[in-house]
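To start, the structure under review is shown below, and the notes come after it.
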Amino acid sequence: MKKIFSATLFCLFIFHLAAQKVDVIPLPAEMTEKEGSFLISPETRILFDASNKELSEVVELSSHLLAKALSFEPVVAEPGSTNPKGNILVQLNSPFDPDLKTEGYKLSIQNDRIFLNANTTAGIFYGFQTLWQMLTAEPGNRLSCVVITDYPRFAWRGLHLDVSRHFMPVEFIYKYIDYIALHKMNVFHWHLVDDQGWRIEIKKYPKLTEVGAWRVDREDRHWDSRPLAQKGEKATYGGFYTQQQVKDIVAYAQKRQVTIVPEIEMPAHVMSALAAYPEYSCNGKNLGVAPGGVWPITQIYCAGNDATFGFLEEILSEVMELFPSTFIHIGGDEADKTEWKTCPKCQQRMKAEGLKDEHELQSYFIERIEKFLNSQGRRLIGWDEILEGGLAPQATVMSWRGEQGGIEAAKMGHNVVMTPGSHCYFDHYQGDPSLEPLAIGGYTTLKKVYQYEPVPAELNENEARFVLGAQANVWTEYMPDGKQVEYMIFPRLSALAEVVWSPKQSRDWPGFSRRMETQYQRYKRVGANFSTSAYQVTSSAVPDMKNKTVKVALSTEAWNAQIRYTTDGSEPVASSTVYSEPFEIKKTSTVKAAVYQNGGKMSEPLARTFYIHKAVACPVTTKYANSPSYDASGPFALVDGIKGSLNHADGNWKGYYGKDLVATIDMGAEQRISSVETGFLQNVGSWIFYPSEMVVEVSSNGKDFKLLGRVRNKVPDMEAGRLTQTLKVGKKAQARYVRVTARILEACPKGHAGEGKPAWLFVDEIVVE
């Protein structure tokens, strides 16, 4: 009996998902599973037309790939040289099959042979990728009979890598391209230039790599706490790629159907270039190559100097000789225009061109570069800031600050690539920050990536055509080497691969989660360092107003997982209680929980303390509303028994922007209290600061309050890093109402990137004992 799946038969797909024999990621567009199987043996040949050089290269490469799953490498041969029975027949379609589009393929596995056909060699390549995945999922080199018709949903399926903040060796770049290809992704966005290093040889300007590729080594310090180089310090950290290395890498990628899009940043993120050639800045200063985080980014190219454009055009000319890609990425993001506002040349340029402000000057800058790229037969792509001041006529927008930039560009008729930080930034934490290596922040789990939809609901059918696809971005501030990069992209790359390849209506988290079990084994097979964060246990708690307790629920993203837990703070083991339903916490307790498979612990255990105190689950009123973006668990978040982590986006912090916390708790009846404490967070890089002081007042009637105590913050306002502290007033009183006021800084302090602008205040739990 046949089991059928196609985009139009989604319900049938769900029905037979658990029994499905084809276990691949991304999920094919259409599958018809049949009875029987085909055995690939040492006698099996790959038959194809060897007169086609491009096809020959793909078949040879694919034969090597299959050998990694088999104990032998299949022999390649001409179709007429042997009987098709027992072999793999590969053929390019003639005429073109519109159903398969440019990158699609049809794979028919029968009892006595395999047919693989496509319109292009890209389709043949992807068909072999599917064969390889099937071989790694099924034992004994035996493949289940199936007919697959498969093609990608989007043309742009990208993965980015920043090699400026941390240089990655050539060997890792080759491996990275292999990872892209194994997931049927097709764009490698290579971020080669930033403040922290210039990574590509430019023969006309040798100092770009002699000077710009090297920085003072401050790897022992936090990224955002690294001062600029001082006079006499030697630059020893860095590296760059020679033009010959780049050519070899591009050729390697082309054979694997991967297009490399280089990014040459401008007008900002160019301290590395200006350290080598300061004459192209507005101030002529050499501030060196930044050894760590820089904000605001004021050292940028001078837009009023014609020589700047000559410099950039000569650089881009060499870049285009190395990269045959249609698109050249020019960055365009986060340019602080402070220098432009005081630069006589820039102001004269604005006057001469009739530009009303510095945003329009940036638009002029981008349009001028676009005209040059267009004259060379190339197209410009940049981050969504290139919309500011007016979008260049033919520019493509990469939308990273949410989706709004992409929506705006698509409505204007411009192509867009969606890569919002909310779902596509793989430098974000993918699990509990307390269990994960240091990351830049955020919280983007495997499931969250899988739930991303690249076409925003705001676009109509015609506008949606301008969405080329989506891309994951990998910024390496906290990834010093390839091993850490691998950890951050796996397994999330698998989720995005399915988002951009498979039909939208086939998206199914349980099915994907099940197939990930096999995908993890493939990661091991190729030697990838992957995260098991999806096996981590997360908790949620619902306060019980009547009983003044909390009900705790445990969950995990892993498929069919068994959670074992303890409530006494002890480490869970294979014999600990199996979680089946939410349980009640009546006194302060530390819950620890982990997923177990086959008797083994799959990740580090959750450790969460639930604080049961006199204010738990009591009504809270606040004078000022918190930001809806940081609402934690809602109305009871300040008294839900849960404290936050070092990650302000972990869902346990309430955030107040430019406003004090003034919270009044009604404990229901007058009772004796001995202390009131509140938890706060500081992360100056995210404009989050400790309050200047906390004031605690008490009342019996909710109207007349008297001071219980006050405590001032003693931590410096500009103390860097991610910090938490508890401010406590320890004094006995009889009261029903407790009012806590945390006074926010009046503004971001002097010397901060947001100096003079409103600050954030983050609060987790008010504990009343």
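Here's how to read the names in the structure tokens: chain A, B, ... by the order shown, residue numbers from 1 in each chain, ligand numbers from 1 in the order shown.
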DSSP on the backbone: which residues in stretch 247-405 of chain A end up as alpha helix (DSSP H)? Give the answer as a ChimeraX atom specification. /A:247-255,271-276,306-322,338-342,344-353,358-375,404-405
Quick one: residues within 8 Å of stretch 456-462 of chain A, only C-alpha atoms counted, chain neighbours fewer than 2 positions away excluded, as a ChimeraX atom specification? /A:403,407,410-411,453-454,464-466
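Here atom CA of A:Gly721 stands at a distance of 26.6 Å from atom CA of A:Thr419.
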So that I can see what lies close to stretch 588-600 of chain A, please list as a PDB file with all heavy atoms, in the first residue's frame the residues with an atom at most 8 Å from it, counting only C-alpha atoms and leaving out residues fewer than 5 positions away in the same chain.
```pdb
ATOM      1  N   TYR A 535      17.988  19.205  23.937  1.00  0.00           N
ATOM      2  CA  TYR A 535      17.650  18.216  24.956  1.00  0.00           C
ATOM      3  C   TYR A 535      17.531  18.835  26.344  1.00  0.00           C
ATOM      4  O   TYR A 535      17.144  18.162  27.294  1.00  0.00           O
ATOM      5  CB  TYR A 535      18.705  17.115  25.002  1.00  0.00           C
ATOM      6  CG  TYR A 535      18.683  16.177  23.828  1.00  0.00           C
ATOM      7  CD1 TYR A 535      19.551  16.367  22.750  1.00  0.00           C
ATOM      8  CD2 TYR A 535      17.814  15.102  23.783  1.00  0.00           C
ATOM      9  CE1 TYR A 535      19.548  15.504  21.664  1.00  0.00           C
ATOM     10  CE2 TYR A 535      17.797  14.232  22.695  1.00  0.00           C
ATOM     11  CZ  TYR A 535      18.662  14.442  21.645  1.00  0.00           C
ATOM     12  OH  TYR A 535      18.645  13.581  20.571  1.00  0.00           O
ATOM     13  N   GLN A 536      17.908  20.094  26.466  1.00  0.00           N
ATOM     14  CA  GLN A 536      17.792  20.741  27.775  1.00  0.00           C
ATOM     15  C   GLN A 536      16.331  20.808  28.214  1.00  0.00           C
ATOM     16  O   GLN A 536      15.423  20.885  27.385  1.00  0.00           O
ATOM     17  CB  GLN A 536      18.371  22.151  27.721  1.00  0.00           C
ATOM     18  CG  GLN A 536      19.874  22.206  27.597  1.00  0.00           C
ATOM     19  CD  GLN A 536      20.391  23.626  27.533  1.00  0.00           C
ATOM     20  OE1 GLN A 536      19.649  24.592  27.735  1.00  0.00           O
ATOM     21  NE2 GLN A 536      21.685  23.767  27.247  1.00  0.00           N
ATOM     22  N   VAL A 537      16.155  20.793  29.504  1.00  0.00           N
ATOM     23  CA  VAL A 537      14.812  20.904  30.079  1.00  0.00           C
ATOM     24  C   VAL A 537      14.571  22.360  30.454  1.00  0.00           C
ATOM     25  O   VAL A 537      15.442  23.027  31.013  1.00  0.00           O
ATOM     26  CB  VAL A 537      14.675  20.007  31.318  1.00  0.00           C
ATOM     27  CG1 VAL A 537      13.289  20.179  31.960  1.00  0.00           C
ATOM     28  CG2 VAL A 537      14.905  18.549  30.943  1.00  0.00           C
ATOM     29  N   THR A 556      10.792  19.976  27.037  1.00  0.00           N
ATOM     30  CA  THR A 556      12.018  19.923  26.257  1.00  0.00           C
ATOM     31  C   THR A 556      11.657  19.913  24.783  1.00  0.00           C
ATOM     32  O   THR A 556      10.545  19.510  24.411  1.00  0.00           O
ATOM     33  CB  THR A 556      12.845  18.663  26.597  1.00  0.00           C
ATOM     34  OG1 THR A 556      14.018  18.637  25.769  1.00  0.00           O
ATOM     35  CG2 THR A 556      12.045  17.389  26.353  1.00  0.00           C
ATOM     36  N   ALA A 561      10.943  12.548  24.452  1.00  0.00           N
ATOM     37  CA  ALA A 561      11.980  12.531  25.484  1.00  0.00           C
ATOM     38  C   ALA A 561      11.417  12.154  26.846  1.00  0.00           C
ATOM     39  O   ALA A 561      10.260  12.458  27.178  1.00  0.00           O
ATOM     40  CB  ALA A 561      12.641  13.897  25.569  1.00  0.00           C
ATOM     41  N   GLN A 562      12.255  11.528  27.638  1.00  0.00           N
ATOM     42  CA  GLN A 562      11.903  11.181  29.015  1.00  0.00           C
ATOM     43  C   GLN A 562      12.650  12.125  29.952  1.00  0.00           C
ATOM     44  O   GLN A 562      13.883  12.152  29.975  1.00  0.00           O
ATOM     45  CB  GLN A 562      12.278   9.733  29.321  1.00  0.00           C
ATOM     46  CG  GLN A 562      11.835   9.264  30.694  1.00  0.00           C
ATOM     47  CD  GLN A 562      12.239   7.834  30.967  1.00  0.00           C
ATOM     48  OE1 GLN A 562      13.397   7.547  31.256  1.00  0.00           O
ATOM     49  NE2 GLN A 562      11.280   6.909  30.869  1.00  0.00           N
ATOM     50  N   ILE A 563      11.904  12.909  30.718  1.00  0.00           N
ATOM     51  CA  ILE A 563      12.496  13.861  31.655  1.00  0.00           C
ATOM     52  C   ILE A 563      12.483  13.238  33.051  1.00  0.00           C
ATOM     53  O   ILE A 563      11.452  12.750  33.515  1.00  0.00           O
ATOM     54  CB  ILE A 563      11.713  15.185  31.671  1.00  0.00           C
ATOM     55  CG1 ILE A 563      11.739  15.859  30.293  1.00  0.00           C
ATOM     56  CG2 ILE A 563      12.276  16.132  32.733  1.00  0.00           C
ATOM     57  CD1 ILE A 563      10.874  17.096  30.199  1.00  0.00           C
ATOM     58  N   ARG A 564      13.630  13.268  33.697  1.00  0.00           N
ATOM     59  CA  ARG A 564      13.721  12.816  35.090  1.00  0.00           C
ATOM     60  C   ARG A 564      14.149  13.995  35.948  1.00  0.00           C
ATOM     61  O   ARG A 564      15.009  14.786  35.541  1.00  0.00           O
ATOM     62  CB  ARG A 564      14.698  11.646  35.218  1.00  0.00           C
ATOM     63  CG  ARG A 564      14.177  10.381  34.505  1.00  0.00           C
ATOM     64  CD  ARG A 564      15.072   9.188  34.733  1.00  0.00           C
ATOM     65  NE  ARG A 564      14.505   7.986  34.109  1.00  0.00           N
ATOM     66  CZ  ARG A 564      13.668   7.146  34.693  1.00  0.00           C
ATOM     67  NH1 ARG A 564      13.273   7.383  35.960  1.00  0.00           N
ATOM     68  NH2 ARG A 564      13.206   6.084  34.067  1.00  0.00           N
ATOM     69  N   TYR A 565      13.558  14.104  37.163  1.00  0.00           N
ATOM     70  CA  TYR A 565      13.782  15.309  37.951  1.00  0.00           C
ATOM     71  C   TYR A 565      13.839  15.017  39.448  1.00  0.00           C
ATOM     72  O   TYR A 565      13.414  13.954  39.921  1.00  0.00           O
ATOM     73  CB  TYR A 565      12.685  16.334  37.664  1.00  0.00           C
ATOM     74  CG  TYR A 565      11.324  16.001  38.246  1.00  0.00           C
ATOM     75  CD1 TYR A 565      10.909  16.580  39.441  1.00  0.00           C
ATOM     76  CD2 TYR A 565      10.456  15.116  37.610  1.00  0.00           C
ATOM     77  CE1 TYR A 565       9.656  16.296  39.984  1.00  0.00           C
ATOM     78  CE2 TYR A 565       9.209  14.825  38.130  1.00  0.00           C
ATOM     79  CZ  TYR A 565       8.814  15.418  39.318  1.00  0.00           C
ATOM     80  OH  TYR A 565       7.584  15.121  39.857  1.00  0.00           O
ATOM     81  N   THR A 566      14.379  15.995  40.175  1.00  0.00           N
ATOM     82  CA  THR A 566      14.380  15.991  41.635  1.00  0.00           C
ATOM     83  C   THR A 566      13.893  17.355  42.113  1.00  0.00           C
ATOM     84  O   THR A 566      13.949  18.340  41.356  1.00  0.00           O
ATOM     85  CB  THR A 566      15.783  15.724  42.209  1.00  0.00           C
ATOM     86  OG1 THR A 566      16.646  16.817  41.854  1.00  0.00           O
ATOM     87  CG2 THR A 566      16.364  14.425  41.671  1.00  0.00           C
ATOM     88  N   THR A 567      13.468  17.432  43.362  1.00  0.00           N
ATOM     89  CA  THR A 567      13.011  18.713  43.923  1.00  0.00           C
ATOM     90  C   THR A 567      13.787  19.095  45.176  1.00  0.00           C
ATOM     91  O   THR A 567      13.448  20.062  45.850  1.00  0.00           O
ATOM     92  CB  THR A 567      11.512  18.652  44.259  1.00  0.00           C
ATOM     93  OG1 THR A 567      11.279  17.574  45.176  1.00  0.00           O
ATOM     94  CG2 THR A 567      10.671  18.449  43.007  1.00  0.00           C
ATOM     95  N   ASP A 568      14.830  18.320  45.493  1.00  0.00           N
ATOM     96  CA  ASP A 568      15.615  18.598  46.695  1.00  0.00           C
ATOM     97  C   ASP A 568      17.002  19.147  46.389  1.00  0.00           C
ATOM     98  O   ASP A 568      17.862  19.221  47.260  1.00  0.00           O
ATOM     99  CB  ASP A 568      15.738  17.336  47.553  1.00  0.00           C
ATOM    100  CG  ASP A 568      16.436  16.188  46.808  1.00  0.00           C
ATOM    101  OD1 ASP A 568      16.814  16.395  45.629  1.00  0.00           O
ATOM    102  OD2 ASP A 568      16.578  15.103  47.395  1.00  0.00           O
ATOM    103  N   GLY A 569      17.226  19.517  45.130  1.00  0.00           N
ATOM    104  CA  GLY A 569      18.517  20.070  44.746  1.00  0.00           C
ATOM    105  C   GLY A 569      19.552  19.044  44.365  1.00  0.00           C
ATOM    106  O   GLY A 569      20.650  19.405  43.932  1.00  0.00           O
ATOM    107  N   SER A 570      19.233  17.764  44.486  1.00  0.00           N
ATOM    108  CA  SER A 570      20.183  16.720  44.116  1.00  0.00           C
ATOM    109  C   SER A 570      20.198  16.535  42.602  1.00  0.00           C
ATOM    110  O   SER A 570      19.242  16.870  41.903  1.00  0.00           O
ATOM    111  CB  SER A 570      19.825  15.401  44.803  1.00  0.00           C
ATOM    112  OG  SER A 570      18.545  14.946  44.380  1.00  0.00           O
ATOM    113  N   GLU A 571      21.304  15.982  42.096  1.00  0.00           N
ATOM    114  CA  GLU A 571      21.430  15.772  40.664  1.00  0.00           C
ATOM    115  C   GLU A 571      20.499  14.646  40.205  1.00  0.00           C
ATOM    116  O   GLU A 571      20.439  13.590  40.845  1.00  0.00           O
ATOM    117  CB  GLU A 571      22.871  15.407  40.304  1.00  0.00           C
ATOM    118  CG  GLU A 571      23.866  16.531  40.529  1.00  0.00           C
ATOM    119  CD  GLU A 571      23.584  17.727  39.646  1.00  0.00           C
ATOM    120  OE1 GLU A 571      23.463  17.551  38.425  1.00  0.00           O
ATOM    121  OE2 GLU A 571      23.495  18.838  40.186  1.00  0.00           O
ATOM    122  N   PRO A 572      19.768  14.853  39.095  1.00  0.00           N
ATOM    123  CA  PRO A 572      18.912  13.769  38.598  1.00  0.00           C
ATOM    124  C   PRO A 572      19.757  12.642  38.018  1.00  0.00           C
ATOM    125  O   PRO A 572      20.822  12.882  37.443  1.00  0.00           O
ATOM    126  CB  PRO A 572      18.080  14.452  37.515  1.00  0.00           C
ATOM    127  CG  PRO A 572      18.926  15.601  37.073  1.00  0.00           C
ATOM    128  CD  PRO A 572      19.693  16.061  38.277  1.00  0.00           C
ATOM    129  N   ALA A 574      19.365   8.353  36.251  1.00  0.00           N
ATOM    130  CA  ALA A 574      18.479   7.549  35.406  1.00  0.00           C
ATOM    131  C   ALA A 574      17.308   6.946  36.167  1.00  0.00           C
ATOM    132  O   ALA A 574      16.307   6.561  35.564  1.00  0.00           O
ATOM    133  CB  ALA A 574      19.288   6.441  34.725  1.00  0.00           C
ATOM    134  N   PRO A 605      21.852  19.281  33.331  1.00  0.00           N
ATOM    135  CA  PRO A 605      20.508  19.413  33.890  1.00  0.00           C
ATOM    136  C   PRO A 605      20.081  20.851  34.139  1.00  0.00           C
ATOM    137  O   PRO A 605      20.909  21.720  34.424  1.00  0.00           O
ATOM    138  CB  PRO A 605      20.600  18.636  35.206  1.00  0.00           C
ATOM    139  CG  PRO A 605      22.037  18.712  35.589  1.00  0.00           C
ATOM    140  CD  PRO A 605      22.802  18.699  34.297  1.00  0.00           C
ATOM    141  N   LEU A 606      18.794  21.063  34.012  1.00  0.00           N
ATOM    142  CA  LEU A 606      18.188  22.311  34.465  1.00  0.00           C
ATOM    143  C   LEU A 606      18.356  22.399  35.977  1.00  0.00           C
ATOM    144  O   LEU A 606      18.189  21.400  36.689  1.00  0.00           O
ATOM    145  CB  LEU A 606      16.697  22.308  34.130  1.00  0.00           C
ATOM    146  CG  LEU A 606      15.817  23.342  34.852  1.00  0.00           C
ATOM    147  CD1 LEU A 606      15.982  24.708  34.217  1.00  0.00           C
ATOM    148  CD2 LEU A 606      14.360  22.919  34.839  1.00  0.00           C
ATOM    149  N   ALA A 607      18.669  23.573  36.476  1.00  0.00           N
ATOM    150  CA  ALA A 607      18.702  23.821  37.915  1.00  0.00           C
ATOM    151  C   ALA A 607      17.963  25.122  38.161  1.00  0.00           C
ATOM    152  O   ALA A 607      18.462  26.196  37.827  1.00  0.00           O
ATOM    153  CB  ALA A 607      20.132  23.894  38.425  1.00  0.00           C
ATOM    154  N   ARG A 608      16.785  25.032  38.718  1.00  0.00           N
ATOM    155  CA  ARG A 608      15.952  26.222  38.905  1.00  0.00           C
ATOM    156  C   ARG A 608      15.407  26.255  40.326  1.00  0.00           C
ATOM    157  O   ARG A 608      14.762  25.313  40.774  1.00  0.00           O
ATOM    158  CB  ARG A 608      14.790  26.214  37.919  1.00  0.00           C
ATOM    159  CG  ARG A 608      13.784  27.331  38.102  1.00  0.00           C
ATOM    160  CD  ARG A 608      14.346  28.662  37.649  1.00  0.00           C
ATOM    161  NE  ARG A 608      14.447  28.733  36.210  1.00  0.00           N
ATOM    162  CZ  ARG A 608      15.131  29.654  35.552  1.00  0.00           C
ATOM    163  NH1 ARG A 608      15.791  30.571  36.222  1.00  0.00           N
ATOM    164  NH2 ARG A 608      15.164  29.661  34.231  1.00  0.00           N
ATOM    165  N   THR A 609      15.719  27.329  41.034  1.00  0.00           N
ATOM    166  CA  THR A 609      15.192  27.502  42.382  1.00  0.00           C
ATOM    167  C   THR A 609      13.892  28.287  42.329  1.00  0.00           C
ATOM    168  O   THR A 609      13.822  29.354  41.688  1.00  0.00           O
ATOM    169  CB  THR A 609      16.206  28.226  43.276  1.00  0.00           C
ATOM    170  OG1 THR A 609      17.403  27.436  43.356  1.00  0.00           O
ATOM    171  CG2 THR A 609      15.645  28.415  44.685  1.00  0.00           C
ATOM    172  N   PHE A 610      12.875  27.762  42.969  1.00  0.00           N
ATOM    173  CA  PHE A 610      11.581  28.433  43.088  1.00  0.00           C
ATOM    174  C   PHE A 610      11.449  28.945  44.518  1.00  0.00           C
ATOM    175  O   PHE A 610      11.524  28.161  45.473  1.00  0.00           O
ATOM    176  CB  PHE A 610      10.443  27.479  42.729  1.00  0.00           C
ATOM    177  CG  PHE A 610      10.486  27.029  41.291  1.00  0.00           C
ATOM    178  CD1 PHE A 610      11.169  25.878  40.929  1.00  0.00           C
ATOM    179  CD2 PHE A 610       9.883  27.781  40.305  1.00  0.00           C
ATOM    180  CE1 PHE A 610      11.244  25.474  39.610  1.00  0.00           C
ATOM    181  CE2 PHE A 610       9.947  27.396  38.965  1.00  0.00           C
ATOM    182  CZ  PHE A 610      10.628  26.241  38.624  1.00  0.00           C
ATOM    183  N   TYR A 611      11.302  30.256  44.627  1.00  0.00           N
ATOM    184  CA  TYR A 611      11.302  30.912  45.933  1.00  0.00           C
ATOM    185  C   TYR A 611       9.867  31.095  46.418  1.00  0.00           C
ATOM    186  O   TYR A 611       9.086  31.854  45.819  1.00  0.00           O
ATOM    187  CB  TYR A 611      12.018  32.259  45.842  1.00  0.00           C
ATOM    188  CG  TYR A 611      13.463  32.135  45.448  1.00  0.00           C
ATOM    189  CD1 TYR A 611      13.833  32.069  44.101  1.00  0.00           C
ATOM    190  CD2 TYR A 611      14.462  32.059  46.407  1.00  0.00           C
ATOM    191  CE1 TYR A 611      15.163  31.935  43.728  1.00  0.00           C
ATOM    192  CE2 TYR A 611      15.806  31.923  46.034  1.00  0.00           C
ATOM    193  CZ  TYR A 611      16.142  31.858  44.697  1.00  0.00           C
ATOM    194  OH  TYR A 611      17.465  31.725  44.331  1.00  0.00           O
ATOM    195  N   ILE A 612       9.528  30.409  47.489  1.00  0.00           N
ATOM    196  CA  ILE A 612       8.198  30.551  48.083  1.00  0.00           C
ATOM    197  C   ILE A 612       8.328  31.488  49.287  1.00  0.00           C
ATOM    198  O   ILE A 612       8.968  31.152  50.288  1.00  0.00           O
ATOM    199  CB  ILE A 612       7.628  29.190  48.521  1.00  0.00           C
ATOM    200  CG1 ILE A 612       7.684  28.200  47.354  1.00  0.00           C
ATOM    201  CG2 ILE A 612       6.194  29.345  49.021  1.00  0.00           C
ATOM    202  CD1 ILE A 612       6.939  28.645  46.109  1.00  0.00           C
ATOM    203  N   HIS A 613       7.760  32.660  49.148  1.00  0.00           N
ATOM    204  CA  HIS A 613       7.877  33.684  50.185  1.00  0.00           C
ATOM    205  C   HIS A 613       6.508  34.310  50.409  1.00  0.00           C
ATOM    206  O   HIS A 613       5.510  33.921  49.777  1.00  0.00           O
ATOM    207  CB  HIS A 613       8.918  34.728  49.783  1.00  0.00           C
ATOM    208  CG  HIS A 613       8.724  35.297  48.402  1.00  0.00           C
ATOM    209  ND1 HIS A 613       7.931  36.389  48.146  1.00  0.00           N
ATOM    210  CD2 HIS A 613       9.217  34.899  47.199  1.00  0.00           C
ATOM    211  CE1 HIS A 613       7.950  36.645  46.850  1.00  0.00           C
ATOM    212  NE2 HIS A 613       8.725  35.753  46.242  1.00  0.00           N
TER     213      HIS A 613
END
```
Can you list, as a ChimeraX atom specification, every protein, DNA or RNA residue that comes within 9 Å of stretch 226-240 of chain A when you count only C-alpha atoms, leaving out same-chain residues fewer than 4 positions away? /A:164-169,192,196-201,209,211-219,221-222,287-294
Can you spit out the residues from that selection as a short mmCIF file (atom, residue, chain, number, x, y, z; two decimals), in the first residue's frame, using N, CA and C atoms?
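So the final result, stored in result30.cif, reads:
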```cif
data_model
loop_
_atom_site.label_atom_id
_atom_site.label_comp_id
_atom_site.auth_asym_id
_atom_site.auth_seq_id
_atom_site.Cartn_x
_atom_site.Cartn_y
_atom_site.Cartn_z
N SER A 164 36.12 38.44 10.59
CA SER A 164 36.86 39.62 11.00
C SER A 164 37.08 39.62 12.51
N ARG A 165 36.02 39.45 13.26
CA ARG A 165 36.14 39.50 14.72
C ARG A 165 37.01 38.35 15.25
N HIS A 166 36.87 37.20 14.62
CA HIS A 166 37.82 36.11 14.86
C HIS A 166 38.15 35.46 13.52
N PHE A 167 39.42 35.42 13.21
CA PHE A 167 39.87 34.86 11.94
C PHE A 167 39.72 33.34 11.96
N MET A 168 39.21 32.79 10.87
CA MET A 168 39.05 31.35 10.73
C MET A 168 40.00 30.83 9.64
N PRO A 169 40.75 29.78 9.93
CA PRO A 169 41.73 29.28 8.96
C PRO A 169 41.08 28.74 7.69
N LEU A 192 34.10 39.63 5.31
CA LEU A 192 35.55 39.71 5.25
C LEU A 192 36.15 40.96 5.87
N GLN A 196 37.50 45.03 13.38
CA GLN A 196 38.47 44.19 14.07
C GLN A 196 39.42 43.43 13.14
N GLY A 197 39.32 43.64 11.84
CA GLY A 197 40.26 42.99 10.95
C GLY A 197 39.85 43.00 9.49
N TRP A 198 40.81 43.25 8.62
CA TRP A 198 40.62 43.19 7.16
C TRP A 198 41.20 41.86 6.70
N ARG A 199 40.39 41.01 6.06
CA ARG A 199 40.79 39.62 5.86
C ARG A 199 41.02 39.19 4.41
N ILE A 200 41.10 40.10 3.48
CA ILE A 200 41.30 39.70 2.09
C ILE A 200 42.41 40.53 1.47
N GLU A 201 43.33 39.86 0.78
CA GLU A 201 44.44 40.54 0.13
C GLU A 201 43.95 41.42 -1.01
N THR A 209 46.21 44.48 4.49
CA THR A 209 46.50 43.24 5.21
C THR A 209 47.78 43.34 6.04
N VAL A 211 48.70 45.90 7.73
CA VAL A 211 48.30 46.61 8.95
C VAL A 211 46.90 46.19 9.40
N GLY A 212 45.94 46.25 8.48
CA GLY A 212 44.54 46.06 8.84
C GLY A 212 44.14 44.66 9.25
N ALA A 213 44.97 43.66 8.93
CA ALA A 213 44.62 42.28 9.28
C ALA A 213 45.06 41.89 10.68
N TRP A 214 45.73 42.80 11.41
CA TRP A 214 46.33 42.45 12.70
C TRP A 214 45.92 43.44 13.78
N ARG A 215 45.69 42.89 14.96
CA ARG A 215 45.30 43.74 16.09
C ARG A 215 46.04 43.30 17.35
N VAL A 216 46.04 44.19 18.33
CA VAL A 216 46.63 43.86 19.63
C VAL A 216 45.80 42.75 20.26
N ASP A 217 46.49 41.75 20.79
CA ASP A 217 45.82 40.58 21.35
C ASP A 217 45.28 40.89 22.75
N ARG A 218 43.93 40.97 22.84
CA ARG A 218 43.29 41.14 24.14
C ARG A 218 42.25 40.03 24.35
N GLU A 219 42.59 38.84 23.85
CA GLU A 219 41.66 37.72 23.91
C GLU A 219 41.37 37.28 25.34
N ARG A 221 40.39 39.23 27.65
CA ARG A 221 39.38 40.14 28.23
C ARG A 221 38.02 39.95 27.56
N HIS A 222 36.98 40.37 28.28
CA HIS A 222 35.63 40.35 27.72
C HIS A 222 35.61 41.21 26.46
N LEU A 287 43.25 55.23 14.53
CA LEU A 287 42.87 54.73 15.84
C LEU A 287 43.25 53.27 16.03
N GLY A 288 43.88 52.70 15.04
CA GLY A 288 44.29 51.30 15.12
C GLY A 288 43.16 50.36 14.75
N VAL A 289 43.49 49.08 14.72
CA VAL A 289 42.49 48.04 14.48
C VAL A 289 41.87 47.69 15.82
N ALA A 290 40.56 47.74 15.89
CA ALA A 290 39.87 47.53 17.17
C ALA A 290 40.11 46.10 17.68
N PRO A 291 40.55 45.94 18.93
CA PRO A 291 40.77 44.59 19.48
C PRO A 291 39.51 43.96 20.05
N GLY A 292 38.42 44.72 20.12
CA GLY A 292 37.18 44.21 20.69
C GLY A 292 36.01 45.07 20.25
N GLY A 293 34.98 45.11 21.07
CA GLY A 293 33.77 45.84 20.72
C GLY A 293 34.00 47.33 20.62
N VAL A 294 33.32 47.95 19.65
CA VAL A 294 33.40 49.39 19.44
C VAL A 294 31.98 49.93 19.31
#
```
Of the listed residues A:Phe311, A:Phe125, A:Tyr280, A:Phe762, that which approaches A:Ser686 most closely, counting only C-alpha atoms: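 Among A:Phe311, A:Phe125, A:Tyr280, A:Phe762, it is A:Phe762 that comes nearest to A:Ser686.
Distance check against A:Pro262 using only C-alpha atoms: of A:Val170, A:Ala307, A:Ile328, A:Ala747, the minimum falls on A:Ile328.
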Counting only C-alpha atoms, what is within 7 Å of A:Glu73, bar same-chain residues fewer than 2 positions away, as JSON, numbers by chain? {"A": [63, 64, 66, 67, 75]}
Stretch 493-498 of chain A surroundings by only C-alpha atoms, 10 Å radius, close-in-sequence under 3 positions cut, as a VMD selection string: chain A and resid 24 to 28 152 to 153 157 to 159 179 to 180 182 to 185 423 to 424 426 445 to 453 470 to 472 486 488 to 490 501 to 504 506 to 507 509 512 to 513 516 519
Please identify the strand (DSSP E) residues within stretch 79-232 of chain A (assignment by DSSP from backbone atoms) and present them as number ranges by chain. A: 88-92, 105-109, 114-118, 142-150, 156-162, 187-191, 193-194, 197-198, 214-215
Please provide as a VMD selection string all residues within 9 Å of stretch 652-664 of chain A, with the sequence filter that same-chain residues fewer than 2 positions apart are discarded (counting only C-alpha atoms). chain A and resid 619 to 634 637 to 638 642 to 645 647 to 650 666 680 to 681 688 691 702 737 to 747 757 to 765
